[in-house]
$ cat run-v1.cif   # mmCIF, C-alpha atoms
data_coords
#
loop_
_atom_site.group_PDB
_atom_site.id
_atom_site.type_symbol
_atom_site.label_atom_id
_atom_site.label_comp_id
_atom_site.auth_asym_id
_atom_site.auth_seq_id
_atom_site.Cartn_x
_atom_site.Cartn_y
_atom_site.Cartn_z
ATOM 1 C CA MET A 1 31.723 92.913 -259.235
ATOM 2 C CA ILE A 2 28.688 90.647 -259.375
ATOM 3 C CA ASN A 3 25.397 92.509 -259.710
ATOM 4 C CA TRP A 4 23.155 89.617 -258.825
ATOM 5 C CA PHE A 5 19.883 90.415 -257.095
ATOM 6 C CA PRO A 6 17.106 88.354 -258.709
ATOM 7 C CA GLY A 7 13.500 89.324 -258.242
ATOM 8 C CA HIS A 8 12.854 86.646 -255.623
ATOM 9 C CA MET A 9 15.633 88.124 -253.434
ATOM 10 C CA ALA A 10 14.171 91.616 -253.709
ATOM 11 C CA LYS A 11 10.849 90.074 -252.674
ATOM 12 C CA THR A 12 12.557 88.345 -249.739
ATOM 13 C CA LYS A 13 13.980 91.646 -248.527
ATOM 14 C CA ARG A 14 10.482 93.139 -248.571
ATOM 15 C CA LEU A 15 9.108 90.111 -246.692
ATOM 16 C CA ILE A 16 11.739 90.438 -243.971
ATOM 17 C CA VAL A 17 11.194 94.175 -243.595
ATOM 18 C CA GLU A 18 7.413 93.695 -243.441
ATOM 19 C CA ASN A 19 7.507 90.838 -240.924
ATOM 20 C CA ILE A 20 10.471 91.676 -238.673
ATOM 21 C CA LYS A 21 8.140 93.500 -236.299
ATOM 22 C CA LEU A 22 6.293 90.211 -235.677
ATOM 23 C CA ALA A 23 9.450 88.415 -234.514
ATOM 24 C CA ASP A 24 10.616 88.370 -230.894
ATOM 25 C CA VAL A 25 13.945 86.689 -231.697
ATOM 26 C CA VAL A 26 15.920 86.439 -234.944
ATOM 27 C CA VAL A 27 17.833 83.248 -235.721
ATOM 28 C CA GLU A 28 20.595 84.067 -238.189
ATOM 29 C CA LEU A 29 22.143 81.087 -239.958
ATOM 30 C CA ILE A 30 25.673 81.382 -241.298
ATOM 31 C CA ASP A 31 27.930 78.814 -242.939
ATOM 32 C CA ALA A 32 30.659 77.627 -240.541
ATOM 33 C CA ARG A 33 33.084 77.443 -243.481
ATOM 34 C CA VAL A 34 32.594 81.159 -244.197
ATOM 35 C CA PRO A 35 31.299 82.687 -240.930
ATOM 36 C CA ASN A 36 31.975 86.242 -242.021
ATOM 37 C CA SER A 37 31.419 86.082 -245.774
ATOM 38 C CA SER A 38 28.044 84.336 -245.347
ATOM 39 C CA ARG A 39 26.571 87.170 -243.262
ATOM 40 C CA ASN A 40 24.341 89.484 -245.265
ATOM 41 C CA PRO A 41 25.296 93.071 -244.307
ATOM 42 C CA LEU A 42 21.759 94.252 -245.133
ATOM 43 C CA LEU A 43 20.319 92.152 -242.319
ATOM 44 C CA ASN A 44 21.951 94.120 -239.513
ATOM 45 C CA ASP A 45 20.059 97.264 -240.466
ATOM 46 C CA ILE A 46 16.806 95.331 -240.874
ATOM 47 C CA ILE A 47 17.128 93.324 -237.644
ATOM 48 C CA GLY A 48 18.304 96.271 -235.574
ATOM 49 C CA GLU A 49 18.440 95.605 -231.829
ATOM 50 C CA LYS A 50 16.230 92.523 -231.803
ATOM 51 C CA PRO A 51 17.609 89.593 -229.764
ATOM 52 C CA ARG A 52 19.631 87.338 -232.039
ATOM 53 C CA LEU A 53 20.822 83.744 -232.075
ATOM 54 C CA VAL A 54 23.624 82.998 -234.551
ATOM 55 C CA ILE A 55 23.862 79.371 -235.687
ATOM 56 C CA LEU A 56 26.939 78.210 -237.587
ATOM 57 C CA THR A 57 25.676 75.452 -239.866
ATOM 58 C CA LYS A 58 27.600 72.670 -241.622
ATOM 59 C CA GLU A 59 30.095 72.510 -238.777
ATOM 60 C CA ASP A 60 31.142 69.031 -239.919
ATOM 61 C CA LEU A 61 32.643 70.593 -243.066
ATOM 62 C CA ALA A 62 34.552 73.341 -241.239
ATOM 63 C CA ASP A 63 37.679 73.453 -239.100
ATOM 64 C CA LYS A 64 36.581 72.677 -235.524
ATOM 65 C CA ASN A 65 39.057 75.039 -233.852
ATOM 66 C CA ALA A 66 38.093 77.902 -236.143
ATOM 67 C CA THR A 67 34.380 77.275 -235.458
ATOM 68 C CA ALA A 68 34.983 77.476 -231.707
ATOM 69 C CA LEU A 69 36.784 80.808 -232.127
ATOM 70 C CA TRP A 70 34.014 82.213 -234.308
ATOM 71 C CA LYS A 71 31.310 81.211 -231.816
ATOM 72 C CA GLU A 72 33.144 83.026 -229.047
ATOM 73 C CA TYR A 73 33.644 86.026 -231.301
ATOM 74 C CA TYR A 74 29.921 86.346 -232.044
ATOM 75 C CA LYS A 75 29.063 85.907 -228.395
ATOM 76 C CA GLN A 76 31.340 88.856 -227.639
ATOM 77 C CA GLN A 77 29.390 90.817 -230.264
ATOM 78 C CA GLY A 78 26.271 90.365 -228.130
ATOM 79 C CA ALA A 79 24.605 87.438 -229.907
ATOM 80 C CA ALA A 80 24.053 83.933 -228.623
ATOM 81 C CA ALA A 81 25.973 81.461 -230.818
ATOM 82 C CA LEU A 82 25.709 77.731 -231.522
ATOM 83 C CA SER A 83 27.119 75.425 -234.177
ATOM 84 C CA CYS A 84 25.642 72.239 -235.574
ATOM 85 C CA ASN A 85 25.100 69.958 -238.533
ATOM 86 C CA PHE A 86 21.383 69.379 -238.905
ATOM 87 C CA LEU A 87 21.801 66.349 -241.163
ATOM 88 C CA ARG A 88 23.753 64.545 -238.446
ATOM 89 C CA GLY A 89 22.623 66.520 -235.436
ATOM 90 C CA ASN A 90 22.821 65.071 -231.944
ATOM 91 C CA LYS A 91 19.653 64.508 -229.979
ATOM 92 C CA ASN A 92 20.328 67.481 -227.698
ATOM 93 C CA ILE A 93 20.745 70.152 -230.376
ATOM 94 C CA LYS A 94 17.000 70.857 -230.664
ATOM 95 C CA LYS A 95 16.853 71.373 -226.901
ATOM 96 C CA GLU A 96 19.893 73.667 -227.079
ATOM 97 C CA ILE A 97 18.441 75.767 -229.904
ATOM 98 C CA LEU A 98 15.007 76.155 -228.300
ATOM 99 C CA GLY A 99 16.670 76.915 -224.962
ATOM 100 C CA ALA A 100 18.823 79.590 -226.572
ATOM 101 C CA VAL A 101 15.766 81.111 -228.277
ATOM 102 C CA ARG A 102 13.878 81.247 -224.964
ATOM 103 C CA LEU A 103 16.901 82.790 -223.240
ATOM 104 C CA GLN A 104 17.153 85.484 -225.910
ATOM 105 C CA ALA A 105 13.441 86.170 -225.447
ATOM 106 C CA LYS A 106 13.687 86.301 -221.636
ATOM 107 C CA GLU A 107 13.375 90.086 -221.350
ATOM 108 C CA ILE A 108 10.438 90.157 -223.754
ATOM 109 C CA LEU A 109 8.675 87.358 -221.862
ATOM 110 C CA GLU A 110 9.216 89.168 -218.554
ATOM 111 C CA LYS A 111 7.680 92.348 -219.978
ATOM 112 C CA ARG A 112 4.676 90.379 -221.165
ATOM 113 C CA ALA A 113 4.309 88.678 -217.801
ATOM 114 C CA ARG A 114 4.206 92.079 -216.075
ATOM 115 C CA LYS A 115 1.325 92.959 -218.387
ATOM 116 C CA GLY A 116 -0.438 89.713 -217.593
ATOM 117 C CA ILE A 117 0.405 88.081 -220.954
ATOM 118 C CA ILE A 118 1.736 84.619 -220.160
ATOM 119 C CA LYS A 119 0.808 82.063 -222.816
ATOM 120 C CA LYS A 120 1.833 83.944 -225.961
ATOM 121 C CA SER A 121 4.420 82.036 -228.007
ATOM 122 C CA VAL A 122 7.936 83.262 -228.717
ATOM 123 C CA ARG A 123 7.952 84.129 -232.396
ATOM 124 C CA THR A 124 11.249 83.495 -234.132
ATOM 125 C CA MET A 125 12.327 84.545 -237.618
ATOM 126 C CA VAL A 126 14.997 82.551 -239.456
ATOM 127 C CA VAL A 127 17.194 84.491 -241.876
ATOM 128 C CA GLY A 128 20.352 83.871 -243.857
ATOM 129 C CA ILE A 129 21.825 83.670 -247.331
ATOM 130 C CA PRO A 130 20.739 80.983 -249.833
ATOM 131 C CA ASN A 131 21.732 77.362 -249.266
ATOM 132 C CA VAL A 132 22.882 77.909 -245.683
ATOM 133 C CA GLY A 133 20.430 75.402 -244.197
ATOM 134 C CA LYS A 134 17.325 77.336 -243.155
ATOM 135 C CA SER A 135 14.782 74.815 -244.438
ATOM 136 C CA THR A 136 16.882 71.937 -243.139
ATOM 137 C CA LEU A 137 16.876 73.609 -239.715
ATOM 138 C CA ILE A 138 13.094 73.877 -239.730
ATOM 139 C CA ASN A 139 12.643 70.269 -240.818
ATOM 140 C CA PHE A 140 15.062 69.169 -238.108
ATOM 141 C CA LEU A 141 13.356 71.161 -235.355
ATOM 142 C CA ALA A 142 9.824 70.351 -236.459
ATOM 143 C CA GLY A 143 10.616 66.646 -236.837
ATOM 144 C CA LYS A 144 9.027 66.489 -240.268
ATOM 145 C CA THR A 145 9.377 67.908 -243.760
ATOM 146 C CA ALA A 146 7.891 71.273 -242.877
ATOM 147 C CA ALA A 147 9.690 73.364 -245.493
ATOM 148 C CA GLU A 148 10.803 72.699 -249.030
ATOM 149 C CA THR A 149 14.553 72.112 -249.284
ATOM 150 C CA GLY A 150 17.079 71.768 -252.059
ATOM 151 C CA ASP A 151 20.795 71.780 -252.708
ATOM 152 C CA LYS A 152 20.643 74.819 -254.958
ATOM 153 C CA PRO A 153 20.273 78.483 -253.906
ATOM 154 C CA GLY A 154 16.813 80.010 -253.919
ATOM 155 C CA VAL A 155 14.609 76.955 -253.341
ATOM 156 C CA THR A 156 12.493 78.258 -250.448
ATOM 157 C CA ARG A 157 9.643 80.603 -251.378
ATOM 158 C CA GLY A 158 7.002 82.624 -249.520
ATOM 159 C CA LYS A 159 6.614 82.584 -245.755
ATOM 160 C CA GLN A 160 5.177 80.171 -243.215
ATOM 161 C CA TRP A 161 4.860 80.087 -239.415
ATOM 162 C CA ILE A 162 5.716 76.676 -237.978
ATOM 163 C CA ARG A 163 5.126 75.602 -234.376
ATOM 164 C CA LEU A 164 8.273 74.012 -232.953
ATOM 165 C CA ASP A 165 7.087 73.605 -229.375
ATOM 166 C CA LYS A 166 4.165 74.673 -227.252
ATOM 167 C CA ASP A 167 5.727 78.097 -226.740
ATOM 168 C CA VAL A 168 7.930 78.635 -229.816
ATOM 169 C CA GLU A 169 6.844 79.467 -233.367
ATOM 170 C CA LEU A 170 9.206 79.971 -236.265
ATOM 171 C CA LEU A 171 8.909 81.959 -239.490
ATOM 172 C CA ASP A 172 11.051 80.801 -242.386
ATOM 173 C CA MET A 173 12.345 83.435 -244.791
ATOM 174 C CA PRO A 174 13.822 82.566 -248.201
ATOM 175 C CA GLY A 175 17.560 83.172 -248.575
ATOM 176 C CA MET A 176 18.783 86.607 -249.573
ATOM 177 C CA LEU A 177 22.111 87.853 -250.864
ATOM 178 C CA TRP A 178 22.971 91.525 -251.133
ATOM 179 C CA PRO A 179 22.648 93.410 -254.450
ATOM 180 C CA LYS A 180 26.341 93.964 -255.238
ATOM 181 C CA LEU A 181 29.046 91.443 -254.449
ATOM 182 C CA ASP A 182 31.926 93.872 -254.967
ATOM 183 C CA ASP A 183 34.488 91.898 -252.973
ATOM 184 C CA GLN A 184 35.886 89.289 -255.356
ATOM 185 C CA GLU A 185 37.283 87.113 -252.578
ATOM 186 C CA VAL A 186 33.952 87.032 -250.735
ATOM 187 C CA SER A 187 32.205 86.220 -254.014
ATOM 188 C CA CYS A 188 34.568 83.300 -254.635
ATOM 189 C CA LYS A 189 34.082 81.976 -251.095
ATOM 190 C CA LEU A 190 30.310 82.117 -251.453
ATOM 191 C CA ALA A 191 30.455 80.435 -254.851
ATOM 192 C CA ALA A 192 32.820 77.715 -253.600
ATOM 193 C CA THR A 193 30.472 76.857 -250.735
ATOM 194 C CA GLY A 194 27.362 76.888 -252.931
ATOM 195 C CA ALA A 195 25.634 80.097 -251.816
ATOM 196 C CA ILE A 196 25.816 81.585 -255.306
ATOM 197 C CA SER A 197 24.369 79.750 -258.285
ATOM 198 C CA ASP A 198 26.917 77.824 -260.337
ATOM 199 C CA LEU A 199 25.496 79.595 -263.387
ATOM 200 C CA VAL A 200 26.931 82.930 -262.208
ATOM 201 C CA PHE A 201 30.595 81.861 -261.990
ATOM 202 C CA ASP A 202 32.826 80.286 -264.611
ATOM 203 C CA GLN A 203 33.616 76.953 -262.964
ATOM 204 C CA VAL A 204 37.202 76.785 -264.214
ATOM 205 C CA GLU A 205 37.962 80.278 -262.927
ATOM 206 C CA LEU A 206 36.350 79.416 -259.604
ATOM 207 C CA VAL A 207 38.274 76.181 -259.175
ATOM 208 C CA LEU A 208 41.556 77.938 -259.980
ATOM 209 C CA TRP A 209 40.808 80.345 -257.120
ATOM 210 C CA LEU A 210 39.895 77.424 -254.854
ATOM 211 C CA ILE A 211 43.027 75.470 -255.785
ATOM 212 C CA GLU A 212 45.160 78.536 -255.055
ATOM 213 C CA TRP A 213 43.543 78.830 -251.615
ATOM 214 C CA LEU A 214 44.119 75.139 -250.945
ATOM 215 C CA LEU A 215 47.738 75.265 -252.140
ATOM 216 C CA THR A 216 48.322 78.153 -249.740
ATOM 217 C CA ASN A 217 46.409 76.790 -246.764
ATOM 218 C CA ALA A 218 46.048 73.021 -247.169
ATOM 219 C CA ALA A 219 48.431 71.794 -249.856
ATOM 220 C CA GLY A 220 48.910 68.450 -248.132
ATOM 221 C CA SER A 221 45.176 67.682 -248.125
ATOM 222 C CA LEU A 222 44.857 68.590 -251.812
ATOM 223 C CA ALA A 223 47.882 66.473 -252.748
ATOM 224 C CA ALA A 224 46.642 63.508 -250.719
ATOM 225 C CA ARG A 225 43.168 63.592 -252.266
ATOM 226 C CA TYR A 226 44.338 63.723 -255.883
ATOM 227 C CA LYS A 227 47.766 62.049 -255.592
ATOM 228 C CA ILE A 228 49.633 65.087 -256.924
ATOM 229 C CA THR A 229 52.682 67.067 -255.902
ATOM 230 C CA GLU A 230 52.284 70.043 -253.561
ATOM 231 C CA LYS A 231 54.655 72.278 -255.525
ATOM 232 C CA GLU A 232 52.682 72.837 -258.722
ATOM 233 C CA ASN A 233 50.972 76.123 -259.576
ATOM 234 C CA THR A 234 47.204 76.369 -259.914
ATOM 235 C CA SER A 235 46.937 75.669 -263.654
ATOM 236 C CA GLU A 236 49.377 72.765 -263.450
ATOM 237 C CA THR A 237 47.471 71.353 -260.484
ATOM 238 C CA LEU A 238 44.130 71.472 -262.299
ATOM 239 C CA ALA A 239 45.635 69.823 -265.381
ATOM 240 C CA ASN A 240 47.304 67.161 -263.247
ATOM 241 C CA ILE A 241 44.037 66.366 -261.453
ATOM 242 C CA ALA A 242 42.271 66.058 -264.828
ATOM 243 C CA SER A 243 44.990 63.694 -266.034
ATOM 244 C CA LYS A 244 44.933 61.607 -262.839
ATOM 245 C CA ARG A 245 41.153 61.224 -263.034
ATOM 246 C CA GLY A 246 41.205 60.502 -266.780
ATOM 247 C CA PHE A 247 38.956 63.428 -267.689
ATOM 248 C CA LEU A 248 39.607 63.788 -271.424
ATOM 249 C CA ARG A 249 37.725 65.273 -274.355
ATOM 250 C CA SER A 250 37.685 63.654 -277.774
ATOM 251 C CA GLY A 251 41.146 63.886 -279.229
ATOM 252 C CA GLY A 252 42.826 63.452 -275.857
ATOM 253 C CA GLU A 253 42.467 67.074 -274.661
ATOM 254 C CA LEU A 254 42.095 67.485 -270.906
ATOM 255 C CA ASP A 255 38.515 68.267 -269.846
ATOM 256 C CA LEU A 256 39.199 71.080 -267.382
ATOM 257 C CA GLU A 257 35.542 72.054 -266.997
ATOM 258 C CA LYS A 258 34.515 68.554 -265.920
ATOM 259 C CA THR A 259 37.499 68.492 -263.563
ATOM 260 C CA ALA A 260 36.533 71.865 -262.098
ATOM 261 C CA ILE A 261 32.985 70.716 -261.371
ATOM 262 C CA MET A 262 34.297 67.550 -259.722
ATOM 263 C CA VAL A 263 36.797 69.383 -257.493
ATOM 264 C CA ILE A 264 34.192 71.951 -256.412
ATOM 265 C CA ASP A 265 31.661 69.203 -255.621
ATOM 266 C CA GLU A 266 34.245 67.255 -253.607
ATOM 267 C CA PHE A 267 35.272 70.400 -251.729
ATOM 268 C CA ARG A 268 31.642 71.113 -250.820
ATOM 269 C CA ALA A 269 31.194 67.515 -249.653
ATOM 270 C CA GLY A 270 34.263 67.709 -247.392
ATOM 271 C CA LYS A 271 36.121 65.015 -249.335
ATOM 272 C CA ILE A 272 39.277 67.135 -249.656
ATOM 273 C CA GLY A 273 39.169 68.127 -245.999
ATOM 274 C CA HIS A 274 37.344 70.274 -243.449
ATOM 275 C CA PHE A 275 38.243 73.920 -243.964
ATOM 276 C CA THR A 276 37.208 77.367 -242.764
ATOM 277 C CA LEU A 277 37.824 79.928 -245.500
ATOM 278 C CA ASP A 278 37.210 82.907 -243.186
ATOM 279 C CA MET A 279 39.718 83.152 -240.370
ATOM 280 C CA LEU A 280 39.617 85.631 -237.504
ATOM 281 C CA SER A 281 42.393 88.191 -237.642
ATOM 282 C CA SER A 282 44.962 88.254 -234.851
ATOM 283 C CA LYS A 283 43.454 91.572 -233.699
ATOM 284 C CA GLU A 284 39.949 90.100 -233.442
ATOM 285 C CA THR A 285 41.273 87.031 -231.650
ATOM 286 C CA SER A 286 43.169 89.137 -229.116
ATOM 287 C CA GLU A 287 40.124 91.322 -228.523
ATOM 288 C CA GLU A 288 38.069 88.169 -227.891
ATOM 289 C CA GLN A 289 40.646 86.854 -225.428
ATOM 290 C CA ASN A 290 40.699 90.195 -223.590
ATOM 291 C CA HIS A 291 36.969 89.798 -222.933
ATOM 292 C CA GLU A 292 37.404 86.396 -221.311
#
$ encode --input "run-v1.cif" --output "structure tokens"
Amino acid sequence: MINWFPGHMAKTKRLIVENIKLADVVVELIDARVPNSSRNPLLNDIIGEKPRLVILTKEDLADKNATALWKEYYKQQGAAALSCNFLRGNKNIKKEILGAVRLQAKEILEKRARKGIIKKSVRTMVVGIPNVGKSTLINFLAGKTAAETGDKPGVTRGKQWIRLDKDVELLDMPGMLWPKLDDQEVSCKLAATGAISDLVFDQVELVLWLIEWLLTNAAGSLAARYKITEKENTSETLANIASKRGFLRSGGELDLEKTAIMVIDEFRAGKIGHFTLDMLSSKETSEEQNHE
């Protein structure tokens, strides 16, 4: 179990609790590679019944078919759902996001109109775990560098309202994990996709887990990337990759740590392939189809 709840995440939880009442719509960002594991279970209790838009980020790194299934699944759960890659977003995605926000706020806007309140902006709060793309979303929508971004968890600090359009304002919240990551598989998925600091996990242990997942689910892609056989076990595979890449310590010993860092970085960059680590169960898929 990982007990990892730094002070800035405790502060973020307080910020969300204190400011949720100001938001008309909540935009929840999740990583398309881990659509279930990247959802913070604490947020459901905090958000409650507020209208919600779920955005699956980094769709270019995930399996397209799996992303489509997950979007439909979340729609059946009562949330609007979109997927995108903000770094290579198409010109219509901003229009789609703002349109979805306005649609989620439709009932609230109608109530205000009945009270004679017409020009008040839709206030939107953005939430999600670290490194899922919240600041990148804001910069993309605002058309400028409106929020500080980074490729490491925990970069965004404080809170700021940003006007996205004449009738939509957005409040950025720093990323927040939950206090106890007691599911080892979820922890590994979050670490592999960069949501958990690399300082928390032993990189060799993490890459052995990742290699095992790839050997089980995408052995051909792993073999093609590193020119290795598909039939090796995890330790043999890591050693073979180190040998193929020429990662050696003094004395000719294989540098497994350097190899681990390289494989994890290439996985995160999509160089091994585009994978979704969280797959819908057959029961969830059948339930989704029954709603269609």
$ residues_around --input "run-v1.cif" --residues "Leu190 in chain A" --least-positions-apart "4" --cutoff "12 Å" --atoms "all atoms listed in the file" --output "ChimeraX atom specification"
/A:2,30-40,129-132,153,177-178,181,183-186,194-198,200-201,206,210,264,268,277-278
$ closest_residue --input "run-v1.cif" --among "A:Tyr74, A:Phe247, A:Val168, A:Val122" --to "Glu110 in chain A" --atoms "all atoms listed in the file"
A:Val122
$ closest_atom_pairs --input "run-v1.cif" --of "range 155-224 of chain A" --to "range 7-28 of chain A" --cutoff "7 Å" --atoms "all atoms listed in the file" --output "CSV"
residue,atom,partner,partner_atom,distance
A:Met173,CA,A:Thr12,CA,7.0
A:Pro174,CA,A:Thr12,CA,6.1
A:Met176,CA,A:Met9,CA,5.2
A:Leu177,CA,A:Met9,CA,7.0
$ write_last_selection --input "run-v1.cif" --atoms "C-alpha atoms" --output "short mmCIF file (atom, residue, chain, number, x, y, z; two decimals), in the frame of the given file"
data_model
loop_
_atom_site.label_atom_id
_atom_site.label_comp_id
_atom_site.auth_asym_id
_atom_site.auth_seq_id
_atom_site.Cartn_x
_atom_site.Cartn_y
_atom_site.Cartn_z
CA MET A 173 12.34 83.44 -244.79
CA PRO A 174 13.82 82.57 -248.20
CA MET A 176 18.78 86.61 -249.57
CA LEU A 177 22.11 87.85 -250.86
#
$ residues_around --input "run-v1.cif" --residues "range 53-69 of chain A" --least-positions-apart "3" --cutoff "10 Å" --atoms "all atoms listed in the file" --output "ChimeraX atom specification"
/A:25-35,38,50,72-75,78-89,97,100-101,103-104,124,126-128,132-134,137,267-280,284-285,288-289
$ write_last_selection --input "run-v1.cif" --atoms "C-alpha atoms" --output "PDB file, in the frame of the given file"
ATOM      1  CA  VAL A  25      13.945  86.689-231.697  1.00  0.00           C
ATOM      2  CA  VAL A  26      15.920  86.439-234.944  1.00  0.00           C
ATOM      3  CA  VAL A  27      17.833  83.248-235.721  1.00  0.00           C
ATOM      4  CA  GLU A  28      20.595  84.067-238.189  1.00  0.00           C
ATOM      5  CA  LEU A  29      22.143  81.087-239.958  1.00  0.00           C
ATOM      6  CA  ILE A  30      25.673  81.382-241.298  1.00  0.00           C
ATOM      7  CA  ASP A  31      27.930  78.814-242.939  1.00  0.00           C
ATOM      8  CA  ALA A  32      30.659  77.627-240.541  1.00  0.00           C
ATOM      9  CA  ARG A  33      33.084  77.443-243.481  1.00  0.00           C
ATOM     10  CA  VAL A  34      32.594  81.159-244.197  1.00  0.00           C
ATOM     11  CA  PRO A  35      31.299  82.687-240.930  1.00  0.00           C
ATOM     12  CA  SER A  38      28.044  84.336-245.347  1.00  0.00           C
ATOM     13  CA  LYS A  50      16.230  92.523-231.803  1.00  0.00           C
ATOM     14  CA  GLU A  72      33.144  83.026-229.047  1.00  0.00           C
ATOM     15  CA  TYR A  73      33.644  86.026-231.301  1.00  0.00           C
ATOM     16  CA  TYR A  74      29.921  86.346-232.044  1.00  0.00           C
ATOM     17  CA  LYS A  75      29.063  85.907-228.395  1.00  0.00           C
ATOM     18  CA  GLY A  78      26.271  90.365-228.130  1.00  0.00           C
ATOM     19  CA  ALA A  79      24.605  87.438-229.907  1.00  0.00           C
ATOM     20  CA  ALA A  80      24.053  83.933-228.623  1.00  0.00           C
ATOM     21  CA  ALA A  81      25.973  81.461-230.818  1.00  0.00           C
ATOM     22  CA  LEU A  82      25.709  77.731-231.522  1.00  0.00           C
ATOM     23  CA  SER A  83      27.119  75.425-234.177  1.00  0.00           C
ATOM     24  CA  CYS A  84      25.642  72.239-235.574  1.00  0.00           C
ATOM     25  CA  ASN A  85      25.100  69.958-238.533  1.00  0.00           C
ATOM     26  CA  PHE A  86      21.383  69.379-238.905  1.00  0.00           C
ATOM     27  CA  LEU A  87      21.801  66.349-241.163  1.00  0.00           C
ATOM     28  CA  ARG A  88      23.753  64.545-238.446  1.00  0.00           C
ATOM     29  CA  GLY A  89      22.623  66.520-235.436  1.00  0.00           C
ATOM     30  CA  ILE A  97      18.441  75.767-229.904  1.00  0.00           C
ATOM     31  CA  ALA A 100      18.823  79.590-226.572  1.00  0.00           C
ATOM     32  CA  VAL A 101      15.766  81.111-228.277  1.00  0.00           C
ATOM     33  CA  LEU A 103      16.901  82.790-223.240  1.00  0.00           C
ATOM     34  CA  GLN A 104      17.153  85.484-225.910  1.00  0.00           C
ATOM     35  CA  THR A 124      11.249  83.495-234.132  1.00  0.00           C
ATOM     36  CA  VAL A 126      14.997  82.551-239.456  1.00  0.00           C
ATOM     37  CA  VAL A 127      17.194  84.491-241.876  1.00  0.00           C
ATOM     38  CA  GLY A 128      20.352  83.871-243.857  1.00  0.00           C
ATOM     39  CA  VAL A 132      22.882  77.909-245.683  1.00  0.00           C
ATOM     40  CA  GLY A 133      20.430  75.402-244.197  1.00  0.00           C
ATOM     41  CA  LYS A 134      17.325  77.336-243.155  1.00  0.00           C
ATOM     42  CA  LEU A 137      16.876  73.609-239.715  1.00  0.00           C
ATOM     43  CA  PHE A 267      35.272  70.400-251.729  1.00  0.00           C
ATOM     44  CA  ARG A 268      31.642  71.113-250.820  1.00  0.00           C
ATOM     45  CA  ALA A 269      31.194  67.515-249.653  1.00  0.00           C
ATOM     46  CA  GLY A 270      34.263  67.709-247.392  1.00  0.00           C
ATOM     47  CA  LYS A 271      36.121  65.015-249.335  1.00  0.00           C
ATOM     48  CA  ILE A 272      39.277  67.135-249.656  1.00  0.00           C
ATOM     49  CA  GLY A 273      39.169  68.127-245.999  1.00  0.00           C
ATOM     50  CA  HIS A 274      37.344  70.274-243.449  1.00  0.00           C
ATOM     51  CA  PHE A 275      38.243  73.920-243.964  1.00  0.00           C
ATOM     52  CA  THR A 276      37.208  77.367-242.764  1.00  0.00           C
ATOM     53  CA  LEU A 277      37.824  79.928-245.500  1.00  0.00           C
ATOM     54  CA  ASP A 278      37.210  82.907-243.186  1.00  0.00           C
ATOM     55  CA  MET A 279      39.718  83.152-240.370  1.00  0.00           C
ATOM     56  CA  LEU A 280      39.617  85.631-237.504  1.00  0.00           C
ATOM     57  CA  GLU A 284      39.949  90.100-233.442  1.00  0.00           C
ATOM     58  CA  THR A 285      41.273  87.031-231.650  1.00  0.00           C
ATOM     59  CA  GLU A 288      38.069  88.169-227.891  1.00  0.00           C
ATOM     60  CA  GLN A 289      40.646  86.854-225.428  1.00  0.00           C
TER      61      GLN A 289
END
$ closest_residue --input "run-v1.cif" --among "A:Ile211, A:Ala239, A:Ile47, A:Leu141" --to "Asn92 in chain A" --atoms "all atoms listed in the file"
A:Leu141
$ closest_residue --input "run-v1.cif" --among "A:Ala113, A:Val207, A:Ile241, A:Ile228" --to "Asp265 in chain A" --atoms "all atoms listed in the file"
A:Val207
$ atom_distance --input "run-v1.cif" --atom1 "CA of Ser187 in chain A" --atom2 "CA of Glu236 in chain A"
23.8 Å
$ atom_distance --input "run-v1.cif" --atom1 "CA of Ala242 in chain A" --atom2 "CA of Glu257 in chain A"
9.3 Å
$ closest_residue --input "run-v1.cif" --among "A:Asn44, A:Ser281, A:Thr216, A:Thr229" --to "Trp70 in chain A" --atoms "all atoms listed in the file"
A:Ser281
$ closest_residue --input "run-v1.cif" --among "A:Ala224, A:Leu164, A:Ala191, A:Leu238" --to "Glu212 in chain A" --atoms "only C-alpha atoms"
A:Leu238
$ atom_distance --input "run-v1.cif" --atom1 "CA of Trp209 in chain A" --atom2 "CA of Pro41 in chain A"
23.8 Å
$ axis_aligned_box --input "run-v1.cif" --around "range 239-247 of chain A" --padding-each-side "6 Å" --output "AutoDock Vina command-line options"
--center_x 43.1 --center_y 65.2 --center_z -264.6 --size_x 20.3 --size_y 21.3 --size_z 18.2
$ residues_around --input "run-v1.cif" --residues "Asp167 in chain A" --least-positions-apart "2" --cutoff "9 Å" --atoms "all atoms listed in the file" --output "compact mmCIF listing (two decimals) with C-alpha atoms, in the coordinates of the input"
# COMPACT_ATOMS: atom_id res chain seq x y z
CA ARG A 102 13.88 81.25 -224.96
CA LYS A 119 0.81 82.06 -222.82
CA LYS A 120 1.83 83.94 -225.96
CA SER A 121 4.42 82.04 -228.01
CA VAL A 122 7.94 83.26 -228.72
CA ARG A 123 7.95 84.13 -232.40
CA ARG A 163 5.13 75.60 -234.38
CA LEU A 164 8.27 74.01 -232.95
CA ASP A 165 7.09 73.60 -229.38
CA GLU A 169 6.84 79.47 -233.37
